[in-house]
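K.L.:
File structure-v4.cif below, mmCIF, C-alpha atoms and all ligand atoms:
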```
data_coords
#
loop_
_atom_site.label_atom_id
_atom_site.label_comp_id
_atom_site.auth_asym_id
_atom_site.auth_seq_id
_atom_site.Cartn_x
_atom_site.Cartn_y
_atom_site.Cartn_z
CA MET X 1 243.91 7.26 -159.68
CA LYS X 2 240.19 7.20 -160.44
CA LYS X 3 237.99 9.85 -158.89
CA ILE X 4 234.44 8.62 -158.62
CA GLY X 5 231.52 10.89 -157.79
CA ILE X 6 228.44 9.24 -156.33
CA LEU X 7 224.99 10.63 -155.62
CA THR X 8 221.54 9.40 -154.61
CA SER X 9 218.57 11.20 -156.10
CA GLY X 10 214.76 11.07 -155.85
CA GLY X 11 212.80 9.29 -153.14
CA ASP X 12 214.95 7.18 -150.86
CA CYS X 13 214.51 3.44 -150.46
CA PRO X 14 216.01 0.55 -148.53
CA GLY X 15 219.22 -0.66 -150.17
CA LEU X 16 220.72 2.68 -151.19
CA ASN X 17 223.45 2.41 -148.55
CA ALA X 18 224.01 -1.26 -149.33
CA THR X 19 224.58 -0.29 -152.97
CA ILE X 20 226.90 2.60 -152.10
CA ARG X 21 228.86 0.16 -149.92
CA GLY X 22 228.94 -2.43 -152.72
CA VAL X 23 230.33 0.12 -155.17
CA ALA X 24 232.92 1.43 -152.72
CA LYS X 25 234.18 -1.91 -151.43
CA SER X 26 234.47 -3.27 -154.93
CA CYS X 27 236.22 -0.13 -156.23
CA TYR X 28 238.79 -0.35 -153.43
CA GLU X 29 239.22 -4.04 -154.16
CA ILE X 30 239.64 -4.02 -157.94
CA MET X 31 241.33 -0.66 -158.53
CA ASP X 32 244.72 0.45 -157.30
CA ASN X 33 243.76 3.94 -156.42
CA ALA X 34 240.08 4.74 -156.18
CA GLU X 35 238.89 7.91 -154.55
CA ILE X 36 235.20 8.33 -153.84
CA ILE X 37 233.52 11.71 -153.64
CA GLY X 38 230.11 11.76 -151.99
CA ILE X 39 227.84 14.34 -153.56
CA GLN X 40 225.22 15.52 -151.08
CA ASN X 41 221.46 15.54 -151.76
CA GLY X 42 221.44 14.27 -155.32
CA TYR X 43 221.66 16.57 -158.32
CA TYR X 44 221.14 19.52 -156.00
CA GLY X 45 224.61 18.80 -154.62
CA LEU X 46 226.01 18.46 -158.11
CA ILE X 47 224.52 21.78 -159.16
CA ASN X 48 225.75 23.54 -156.03
CA ASN X 49 229.04 21.69 -155.58
CA ILE X 50 228.24 20.21 -152.19
CA ALA X 51 230.54 17.22 -151.98
CA ARG X 52 232.98 15.52 -149.67
CA GLU X 53 235.85 13.12 -149.99
CA MET X 54 234.89 9.80 -148.48
CA LYS X 55 237.11 7.37 -146.61
CA PRO X 56 236.83 3.56 -146.64
CA SER X 57 235.53 3.75 -143.05
CA ASP X 58 232.53 5.77 -144.30
CA PHE X 59 231.27 2.62 -145.96
CA SER X 60 231.50 0.41 -142.90
CA GLY X 61 228.36 -0.50 -140.98
CA ILE X 62 225.96 0.80 -143.60
CA LEU X 63 224.85 -2.44 -145.24
CA THR X 64 221.76 -2.68 -143.08
CA LEU X 65 221.09 1.03 -142.74
CA GLY X 66 217.92 2.45 -144.32
CA GLY X 67 217.82 5.76 -146.22
CA THR X 68 220.98 7.17 -147.75
CA ILE X 69 224.14 8.46 -146.07
CA LEU X 70 224.48 10.90 -148.99
CA GLY X 71 221.05 12.47 -148.56
CA SER X 72 218.58 12.84 -151.39
CA LYS X 73 216.37 15.44 -152.95
CA ARG X 74 213.63 15.33 -155.51
CA GLN X 75 214.96 16.83 -158.73
CA PRO X 76 214.53 20.57 -158.55
CA PHE X 77 213.55 20.65 -162.20
CA LYS X 78 211.50 18.83 -164.79
CA MET X 79 213.60 17.43 -167.59
CA LEU X 80 211.89 19.34 -170.35
CA SER X 81 212.28 22.63 -168.58
CA MET X 82 215.75 21.90 -167.28
CA ASP X 83 217.60 25.08 -168.00
CA GLU X 84 221.01 25.42 -169.53
CA GLU X 85 222.26 27.06 -166.37
CA LYS X 86 221.68 23.94 -164.25
CA ILE X 87 223.25 21.66 -166.81
CA LYS X 88 226.25 23.96 -166.97
CA ALA X 89 226.47 24.07 -163.17
CA MET X 90 226.50 20.25 -162.99
CA LYS X 91 229.19 20.04 -165.66
CA ASP X 92 231.23 22.69 -163.89
CA THR X 93 231.06 20.80 -160.57
CA TYR X 94 232.09 17.59 -162.30
CA LYS X 95 235.11 19.41 -163.74
CA LYS X 96 235.94 21.28 -160.52
CA LEU X 97 235.89 18.03 -158.56
CA LYS X 98 238.07 16.50 -161.31
CA LEU X 99 235.79 13.48 -161.49
CA ASP X 100 236.56 10.59 -163.82
CA CYS X 101 232.99 9.42 -163.59
CA LEU X 102 229.68 9.97 -161.89
CA LEU X 103 227.45 7.28 -160.39
CA THR X 104 223.80 8.15 -160.04
CA LEU X 105 221.58 5.99 -157.84
CA GLY X 106 217.96 6.72 -158.56
CA GLY X 107 214.67 6.12 -160.29
CA CYS X 108 213.16 7.18 -163.59
CA GLY X 109 213.79 10.93 -163.18
CA THR X 110 217.35 10.33 -162.03
CA HIS X 111 218.04 8.16 -165.06
CA LYS X 112 216.68 10.82 -167.41
CA THR X 113 219.09 13.36 -165.98
CA ALA X 114 221.91 10.80 -165.98
CA ASN X 115 221.32 10.20 -169.67
CA LEU X 116 221.26 13.91 -170.36
CA LEU X 117 224.58 14.38 -168.57
CA SER X 118 225.97 11.45 -170.50
CA THR X 119 224.96 13.02 -173.82
CA GLU X 120 226.63 16.21 -172.55
CA GLY X 121 229.90 14.29 -172.43
CA LEU X 122 230.16 13.27 -168.76
CA ASN X 123 231.11 9.70 -167.85
CA VAL X 124 227.95 8.48 -166.15
CA ILE X 125 226.77 5.15 -164.76
CA GLY X 126 223.25 4.66 -163.43
CA LEU X 127 222.03 2.30 -160.69
CA PRO X 128 218.30 1.49 -160.58
CA LYS X 129 216.61 2.29 -157.27
CA THR X 130 212.92 2.56 -156.38
CA ILE X 131 210.27 0.79 -154.36
CA ASP X 132 207.99 1.30 -157.38
CA ASN X 133 209.97 -1.08 -159.63
CA ASP X 134 209.04 1.04 -162.64
CA ILE X 135 212.46 1.40 -164.27
CA PHE X 136 212.43 -0.03 -167.76
CA GLY X 137 215.00 -2.68 -168.65
CA THR X 138 215.52 -4.24 -165.23
CA ASP X 139 213.52 -7.05 -163.63
CA TYR X 140 213.72 -5.55 -160.17
CA THR X 141 215.10 -2.44 -158.57
CA PHE X 142 216.65 -2.54 -155.11
CA GLY X 143 214.19 -1.42 -152.45
CA TYR X 144 211.27 -3.07 -154.17
CA TYR X 145 211.35 -6.41 -152.37
CA THR X 146 211.82 -4.80 -148.97
CA ALA X 147 208.82 -2.56 -149.64
CA ILE X 148 206.83 -5.65 -150.68
CA ASP X 149 207.66 -7.21 -147.30
CA ILE X 150 206.52 -4.13 -145.42
CA ALA X 151 203.35 -3.67 -147.49
CA THR X 152 202.56 -7.36 -147.07
CA GLU X 153 202.90 -7.06 -143.31
CA CYS X 154 200.50 -4.09 -143.39
CA ILE X 155 197.94 -6.18 -145.29
CA ASP X 156 198.47 -9.15 -142.94
CA ARG X 157 197.78 -6.97 -139.94
CA LEU X 158 194.73 -5.41 -141.58
CA HIS X 159 193.38 -8.90 -142.20
CA THR X 160 193.05 -9.73 -138.52
CA THR X 161 191.39 -6.47 -137.58
CA ALA X 162 189.13 -6.58 -140.67
CA THR X 163 188.01 -10.10 -139.73
CA SER X 164 187.34 -9.17 -136.11
CA HIS X 165 185.20 -6.18 -137.03
CA SER X 166 183.66 -7.49 -140.27
CA ARG X 167 185.06 -4.47 -142.06
CA VAL X 168 186.27 -3.52 -145.49
CA MET X 169 189.84 -2.30 -145.19
CA VAL X 170 191.29 -0.25 -148.03
CA CYS X 171 195.09 -0.20 -147.88
CA GLU X 172 196.82 2.40 -150.04
CA ILE X 173 200.21 1.30 -151.26
CA MET X 174 202.78 3.60 -152.85
CA GLY X 175 203.17 3.67 -156.61
CA ASN X 176 201.96 6.77 -158.39
CA LYS X 177 202.33 5.51 -161.94
CA VAL X 178 202.55 1.74 -161.65
CA GLY X 179 201.04 -1.04 -159.58
CA TRP X 180 203.97 -3.44 -159.12
CA LEU X 181 204.21 -2.99 -155.37
CA THR X 182 200.46 -3.16 -154.85
CA LEU X 183 200.09 -6.23 -157.05
CA SER X 184 202.95 -8.09 -155.38
CA ALA X 185 202.01 -7.20 -151.81
CA GLY X 186 198.36 -7.79 -152.65
CA ILE X 187 199.12 -11.33 -153.75
CA ALA X 188 201.51 -11.97 -150.85
CA GLY X 189 199.05 -10.56 -148.31
CA GLY X 190 196.01 -12.29 -149.76
CA ALA X 191 194.12 -9.13 -150.77
CA ASP X 192 190.67 -9.82 -152.19
CA ILE X 193 190.68 -6.86 -154.54
CA ILE X 194 193.66 -5.07 -156.10
CA LEU X 195 193.42 -1.71 -157.84
CA ILE X 196 196.34 -0.50 -159.94
CA PRO X 197 196.88 2.39 -162.35
CA GLU X 198 197.33 -0.01 -165.27
CA ILE X 199 193.70 -1.22 -164.85
CA PRO X 200 191.29 1.68 -164.21
CA TYR X 201 188.53 0.39 -161.92
CA ASP X 202 184.78 0.64 -162.27
CA ILE X 203 183.35 1.62 -158.87
CA ASP X 204 180.08 -0.26 -159.45
CA LYS X 205 181.93 -3.46 -160.24
CA LEU X 206 184.18 -2.92 -157.26
CA ILE X 207 181.18 -2.47 -154.98
CA SER X 208 179.46 -5.55 -156.36
CA ALA X 209 182.64 -7.58 -155.74
CA VAL X 210 182.54 -6.53 -152.08
CA THR X 211 178.77 -7.25 -151.87
CA LYS X 212 179.20 -10.65 -153.49
CA ARG X 213 181.84 -11.59 -150.95
CA ALA X 214 179.49 -10.57 -148.14
CA GLU X 215 176.68 -12.60 -149.70
CA ASN X 216 179.01 -15.57 -149.82
CA GLY X 217 179.61 -15.28 -146.11
CA LYS X 218 182.86 -13.31 -146.23
CA SER X 219 182.06 -10.54 -143.82
CA PHE X 220 185.26 -8.63 -144.50
CA SER X 221 187.23 -7.56 -147.57
CA ILE X 222 190.78 -6.39 -148.05
CA ILE X 223 191.39 -3.99 -150.90
CA ALA X 224 194.96 -3.11 -151.88
CA VAL X 225 194.87 0.11 -153.85
CA ALA X 226 197.85 1.70 -155.53
CA GLU X 227 198.40 5.36 -154.74
CA GLY X 228 198.06 6.15 -158.45
CA ALA X 229 194.89 4.12 -159.13
CA TYR X 230 192.02 5.87 -160.90
CA ASP X 231 188.58 4.92 -162.11
CA VAL X 232 187.25 4.37 -165.63
CA ASN X 233 185.81 7.89 -165.82
CA GLU X 234 189.12 9.45 -164.81
CA ALA X 235 190.83 7.22 -167.36
CA LYS X 236 189.03 9.15 -170.10
CA MET X 237 190.55 12.41 -168.86
CA LYS X 238 193.91 13.96 -169.55
CA LYS X 239 196.30 13.98 -166.58
CA LYS X 240 195.77 17.70 -165.91
CA GLU X 241 191.99 17.41 -166.10
CA ARG X 242 192.10 14.49 -163.69
CA ALA X 243 194.24 16.45 -161.26
CA LYS X 244 191.84 19.43 -161.46
CA LYS X 245 188.84 17.20 -160.75
CA ARG X 246 190.57 15.72 -157.73
CA GLU X 247 191.46 19.18 -156.49
CA GLU X 248 187.78 20.10 -156.67
CA GLU X 249 186.94 16.92 -154.77
CA HIS X 250 189.66 17.76 -152.21
CA ILE X 251 191.39 14.44 -152.74
CA ILE X 252 194.88 13.51 -153.84
CA THR X 253 194.48 9.75 -154.15
CA ALA X 254 191.35 7.68 -154.82
CA THR X 255 191.52 5.84 -151.49
CA ASN X 256 189.21 7.95 -149.34
CA ARG X 257 186.72 8.30 -152.18
CA ILE X 258 186.62 4.51 -152.55
CA VAL X 259 186.09 4.13 -148.80
CA ALA X 260 183.13 6.55 -148.86
CA GLN X 261 181.64 4.96 -151.98
CA ILE X 262 181.79 1.43 -150.52
CA GLN X 263 180.48 2.57 -147.13
CA ASN X 264 177.55 4.44 -148.71
CA ALA X 265 176.64 1.71 -151.19
CA THR X 266 176.99 -1.33 -148.91
CA GLY X 267 176.53 0.04 -145.43
CA MET X 268 179.60 -1.99 -144.45
CA ASP X 269 182.03 -0.43 -142.06
CA THR X 270 184.90 0.67 -144.30
CA ARG X 271 188.26 2.12 -143.30
CA ALA X 272 191.35 3.43 -145.06
CA CYS X 273 194.93 2.69 -144.09
CA VAL X 274 197.82 4.56 -145.69
CA PRO X 275 201.24 3.26 -144.61
CA GLY X 276 202.87 5.83 -146.94
CA HIS X 277 206.56 6.46 -146.37
CA ILE X 278 206.80 3.60 -143.87
CA LEU X 279 207.10 1.46 -147.01
CA ARG X 280 210.31 3.28 -147.92
CA GLY X 281 211.95 3.37 -144.52
CA GLY X 282 214.18 1.05 -142.55
CA SER X 283 216.60 -1.72 -143.26
CA PRO X 284 216.72 -3.56 -146.61
CA ASN X 285 215.78 -7.23 -146.56
CA ALA X 286 218.29 -9.94 -147.48
CA PHE X 287 217.20 -10.03 -151.14
CA ASP X 288 217.77 -6.30 -151.55
CA ARG X 289 221.09 -6.40 -149.71
CA ILE X 290 222.32 -9.07 -152.10
CA LEU X 291 220.91 -7.34 -155.19
CA ALA X 292 222.39 -4.00 -154.07
CA THR X 293 225.80 -5.59 -153.51
CA LYS X 294 225.75 -7.33 -156.89
CA LEU X 295 224.71 -4.14 -158.71
CA GLY X 296 227.30 -2.12 -156.80
CA ALA X 297 230.09 -4.55 -157.70
CA LYS X 298 228.99 -4.48 -161.35
CA ALA X 299 229.10 -0.68 -161.35
CA ALA X 300 232.68 -0.81 -160.03
CA GLU X 301 233.59 -3.17 -162.86
CA LEU X 302 232.12 -0.71 -165.39
CA ILE X 303 234.15 2.11 -163.84
CA LYS X 304 237.33 0.07 -164.11
CA GLU X 305 236.57 -0.77 -167.74
CA GLU X 306 235.60 2.88 -168.43
CA ASN X 307 232.36 1.53 -169.80
CA PHE X 308 230.17 4.60 -169.37
CA GLY X 309 226.72 5.73 -170.52
CA LYS X 310 225.29 2.56 -168.98
CA THR X 311 222.96 1.58 -166.21
CA VAL X 312 223.33 -1.62 -164.27
CA ALA X 313 220.37 -3.98 -164.48
CA LEU X 314 219.02 -7.37 -163.46
CA VAL X 315 217.66 -9.26 -166.45
CA ASN X 316 216.46 -12.86 -166.15
CA ASN X 317 218.26 -13.07 -162.82
CA LYS X 318 221.61 -12.02 -164.35
CA ILE X 319 223.41 -8.80 -163.63
CA THR X 320 223.91 -6.95 -166.87
CA THR X 321 223.79 -3.43 -168.30
CA ASN X 322 221.54 -1.25 -170.42
CA LYS X 323 222.49 1.82 -172.36
CA LEU X 324 221.22 4.85 -170.49
CA SER X 325 219.81 6.18 -173.76
CA ASP X 326 217.78 2.98 -174.25
CA ILE X 327 215.97 3.10 -170.94
CA ALA X 328 215.85 6.76 -169.84
CA GLY X 329 212.36 8.18 -169.81
CA ILE X 330 210.57 4.84 -170.26
CA THR X 331 208.26 3.64 -167.51
CA LYS X 332 207.88 -0.09 -166.95
CA PHE X 333 204.16 -0.73 -166.60
CA ILE X 334 202.49 -4.05 -165.80
CA GLU X 335 201.52 -5.51 -169.16
CA GLU X 336 198.27 -7.43 -169.70
CA ASP X 337 200.13 -10.71 -170.10
CA ASN X 338 202.33 -10.26 -167.03
CA GLN X 339 202.58 -13.53 -165.15
CA LEU X 340 202.03 -11.96 -161.75
CA LEU X 341 198.86 -10.33 -163.00
CA LEU X 342 197.67 -13.55 -164.63
CA THR X 343 198.34 -15.49 -161.43
CA ALA X 344 196.31 -12.98 -159.44
CA LYS X 345 193.45 -13.37 -161.90
CA ASP X 346 193.80 -17.17 -161.83
CA ILE X 347 193.19 -17.24 -158.09
CA GLY X 348 190.18 -14.95 -158.37
CA ILE X 349 191.59 -11.64 -157.17
CA HIS X 350 189.20 -8.94 -158.38
CA PHE X 351 190.61 -5.90 -160.20
CA GLY X 352 187.49 -3.76 -160.06
CA VAL X 353 186.58 -4.38 -163.68
O1 LIG X 401 208.91 6.90 -156.40
C1 LIG X 401 208.85 6.37 -155.14
C2 LIG X 401 207.70 6.93 -154.38
O2 LIG X 401 207.74 6.36 -153.10
C3 LIG X 401 206.33 6.77 -155.01
O3 LIG X 401 205.79 5.50 -154.81
C4 LIG X 401 205.55 7.86 -154.34
O4 LIG X 401 204.47 8.26 -155.15
C5 LIG X 401 206.55 8.94 -154.22
O5 LIG X 401 207.81 8.33 -154.20
C6 LIG X 401 206.37 9.79 -153.00
O6 LIG X 401 207.29 10.83 -153.05
P1 LIG X 401 207.70 11.80 -151.88
O7 LIG X 401 208.70 11.11 -151.05
O8 LIG X 401 208.28 12.97 -152.58
O9 LIG X 401 206.46 12.11 -151.10
#
```
Will you turn the file into structure tokens for me?
P.N.:
Amino acid sequence: MKKIGILTSGGDCPGLNATIRGVAKSCYEIMDNAEIIGIQNGYYGLINNIAREMKPSDFSGILTLGGTILGSKRQPFKMLSMDEEKIKAMKDTYKKLKLDCLLTLGGCGTHKTANLLSTEGLNVIGLPKTIDNDIFGTDYTFGYYTAIDIATECIDRLHTTATSHSRVMVCEIMGNKVGWLTLSAGIAGGADIILIPEIPYDIDKLISAVTKRAENGKSFSIIAVAEGAYDVNEAKMKKKERAKKREEEHIITATNRIVAQIQNATGMDTRACVPGHILRGGSPNAFDRILATKLGAKAAELIKEENFGKTVALVNNKITTNKLSDIAGITKFIEEDNQLLLTAKDIGIHFGV
């Protein structure tokens, strides 16, 4: 008998349930006696021993379901300040539940904790989830392509209204550290300007790009801006200093500031649109359902082989694994030579620089 604990942690995304289902179905298929314990609300449930025994029927009908049947919570601690007490509580729950292994579905923070628990001697396997696609060592995370579809539809819809009203539409797309989602949806939706955290923008150059388009007879512009984008002046600041400045300006993201700056400088009607959590909700697309199922089945294989301390990954379109210790704590940024970025530049998308 193998007793498998499973939890989902951090922000939810489409494909979590499809992955849980993939793990469960495959475990039941390839192991004689697999028992799955659902841990509620991520590491919070592990700390507080909130868990339930799951039946095969719990995994039926969830392939297409958004969110997570296990619930999720942001980590109630920062890794560096994670106290001994919480680590001990998680280890105690693992022992009390008599788990043979723990599966953690989550993003960067989740993987850091997973690695920590692995170094503490627990049998842990990670599964990479996030619409941000910022987990190092995997080409794509499940949830990402669905979010691209939704963000692209937002940009498509903004296009028609922007054209009708000869407006500049600034669409803020999630991604606080990285611009993968904004870049991809920006390309797919035909954005004219894309602003991402990896390339701090210069507001004057951004404004002249909008003006130039207007001079060339394009009476509207679509700007896809990542939630975490910042300008060249902010780029010189430390993170805390930047946050303080934004607090003084009463802004959290750069979007509304950009809108005001463009409106004031060009006189063009400029509007912001923030789809926000809509990008994370709803059913996973076919790509994510397949990816989730493949990753889930691979995780089951690792459990059977007792191959722990790993995270499942997609590398060059092949399902493989990374050591948790090799990828935990590393953010996957868009590099200068990234093909997607180069393609965007090739077709004349402006990056505000
Ligand atoms: O990490 C995924 C993500 O959706 C980010 O893009 C975004 O910055 C963040 O989560 C929002 O978090 P919350 O759901 O806690 O508001």
K.L.:
Could you give me, as a VMD selection string, every polymer residue with an atom at most 6 Å away from an atom of ligand LIG 401 (chain X), counting all atoms listed in the file?
P.N.:
chain X and resid 11 130 to 132 174 to 176
K.L.:
Could you please take those selected residues and save C-alpha atoms as a compact mmCIF listing (two decimals), in the coordinates of the input?
P.N.:
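Full text of part_20.txt as output:
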```txt
# COMPACT_ATOMS: atom_id res chain seq x y z
CA GLY X 11 212.80 9.29 -153.14
CA THR X 130 212.92 2.56 -156.38
CA ILE X 131 210.27 0.79 -154.36
CA ASP X 132 207.99 1.30 -157.38
CA MET X 174 202.78 3.60 -152.85
CA GLY X 175 203.17 3.67 -156.61
CA ASN X 176 201.96 6.77 -158.39
```
K.L.:
Give me the range 6-30 of chain X side of the contact with range 88-106 of chain X, cut-off 8 Å, one line per residue showing its nearest atom pair and distance in Å at one decimal, counting all atoms listed in the file, sorted by chain and residue number, as JSON lines.
P.N.:
```
{"residue": "X:Ile6", "atom": "CA", "partner": "X:Leu103", "partner_atom": "CA", "distance": 4.6}
{"residue": "X:Leu7", "atom": "CA", "partner": "X:Thr104", "partner_atom": "CA", "distance": 5.2}
{"residue": "X:Thr8", "atom": "CA", "partner": "X:Leu105", "partner_atom": "CA", "distance": 4.7}
{"residue": "X:Ser9", "atom": "CA", "partner": "X:Gly106", "partner_atom": "CA", "distance": 5.1}
{"residue": "X:Gly10", "atom": "CA", "partner": "X:Gly106", "partner_atom": "CA", "distance": 6.0}
{"residue": "X:Gly11", "atom": "CA", "partner": "X:Gly106", "partner_atom": "CA", "distance": 7.9}
{"residue": "X:Leu16", "atom": "CA", "partner": "X:Leu105", "partner_atom": "CA", "distance": 7.5}
```
K.L.:
Contacts of Thr64 in chain X at 8 Å or less, counting all atoms listed in the file, minus same-chain residues fewer than 4 places along, as a PyMOL selection string?
P.N.:
chain X and resi 15+17-18+283-284+289
K.L.:
Please produce an output containing C-alpha atoms for each residue in the selection, written as a PDB file, keeping the file's coordinate frame.
P.N.:
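Saved as selection.pdb:
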```pdb
ATOM      1  CA  GLY X  15     219.220  -0.660-150.170  1.00  0.00           C
ATOM      2  CA  ASN X  17     223.450   2.410-148.550  1.00  0.00           C
ATOM      3  CA  ALA X  18     224.010  -1.260-149.330  1.00  0.00           C
ATOM      4  CA  SER X 283     216.600  -1.720-143.260  1.00  0.00           C
ATOM      5  CA  PRO X 284     216.720  -3.560-146.610  1.00  0.00           C
ATOM      6  CA  ARG X 289     221.090  -6.400-149.710  1.00  0.00           C
TER       7      ARG X 289
END
```
K.L.:
Using all atoms listed in the file, which of X:Lys318, X:Lys205, X:Lys73, X:Arg280 sits nearest Gly45 in chain X?
P.N.:
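Looking only at the distances to Gly45 in chain X, the closest residue turns out to be X:Lys73.
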K.L.:
Residues of range 250-303 of chain X within 12 Å of range 137-153 of chain X: nearest atom pair and distance (Å, one decimal) for each, counting all atoms listed in the file, sorted by chain and number, as CSV?
P.N.:
```
residue,atom,partner,partner_atom,distance
X:Cys273,CA,X:Ala151,CA,11.1
X:Val274,CA,X:Ala151,CA,10.1
X:Pro275,CA,X:Ala151,CA,7.8
X:Gly276,CA,X:Ala151,CA,9.5
X:His277,CA,X:Ala147,CA,9.9
X:Ile278,CA,X:Ile150,CA,7.9
X:Leu279,CA,X:Ala147,CA,5.1
X:Arg280,CA,X:Ala147,CA,6.3
X:Gly281,CA,X:Ala147,CA,8.4
X:Gly282,CA,X:Thr146,CA,9.0
X:Ser283,CA,X:Thr146,CA,8.1
X:Pro284,CA,X:Thr146,CA,5.6
X:Asn285,CA,X:Thr146,CA,5.2
X:Ala286,CA,X:Thr146,CA,8.4
X:Phe287,CA,X:Tyr145,CA,7.0
X:Asp288,CA,X:Phe142,CA,5.3
X:Arg289,CA,X:Phe142,CA,8.0
X:Ile290,CA,X:Phe142,CA,9.2
X:Leu291,CA,X:Phe142,CA,6.4
X:Ala292,CA,X:Phe142,CA,6.0
X:Thr293,CA,X:Phe142,CA,9.8
X:Lys294,CA,X:Phe142,CA,10.4
X:Leu295,CA,X:Phe142,CA,9.0
X:Gly296,CA,X:Phe142,CA,10.8
```
K.L.:
Considering all atoms listed in the file, state which residue in the set X:Ala300, X:Leu341, X:Leu116, X:Ile258 is at the smallest distance from Thr182 in chain X.
P.N.:
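Closest to Thr182 in chain X of all the choices is X:Leu341.
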K.L.:
Out of X:Ile87, X:Thr253, X:Ile303, X:Asn233, which residue has the shortest atom-to-atom distance to Met1 in chain X when counting all atoms listed in the file?
P.N.:
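That would be X:Ile303, the residue with the smallest distance to Met1 in chain X.
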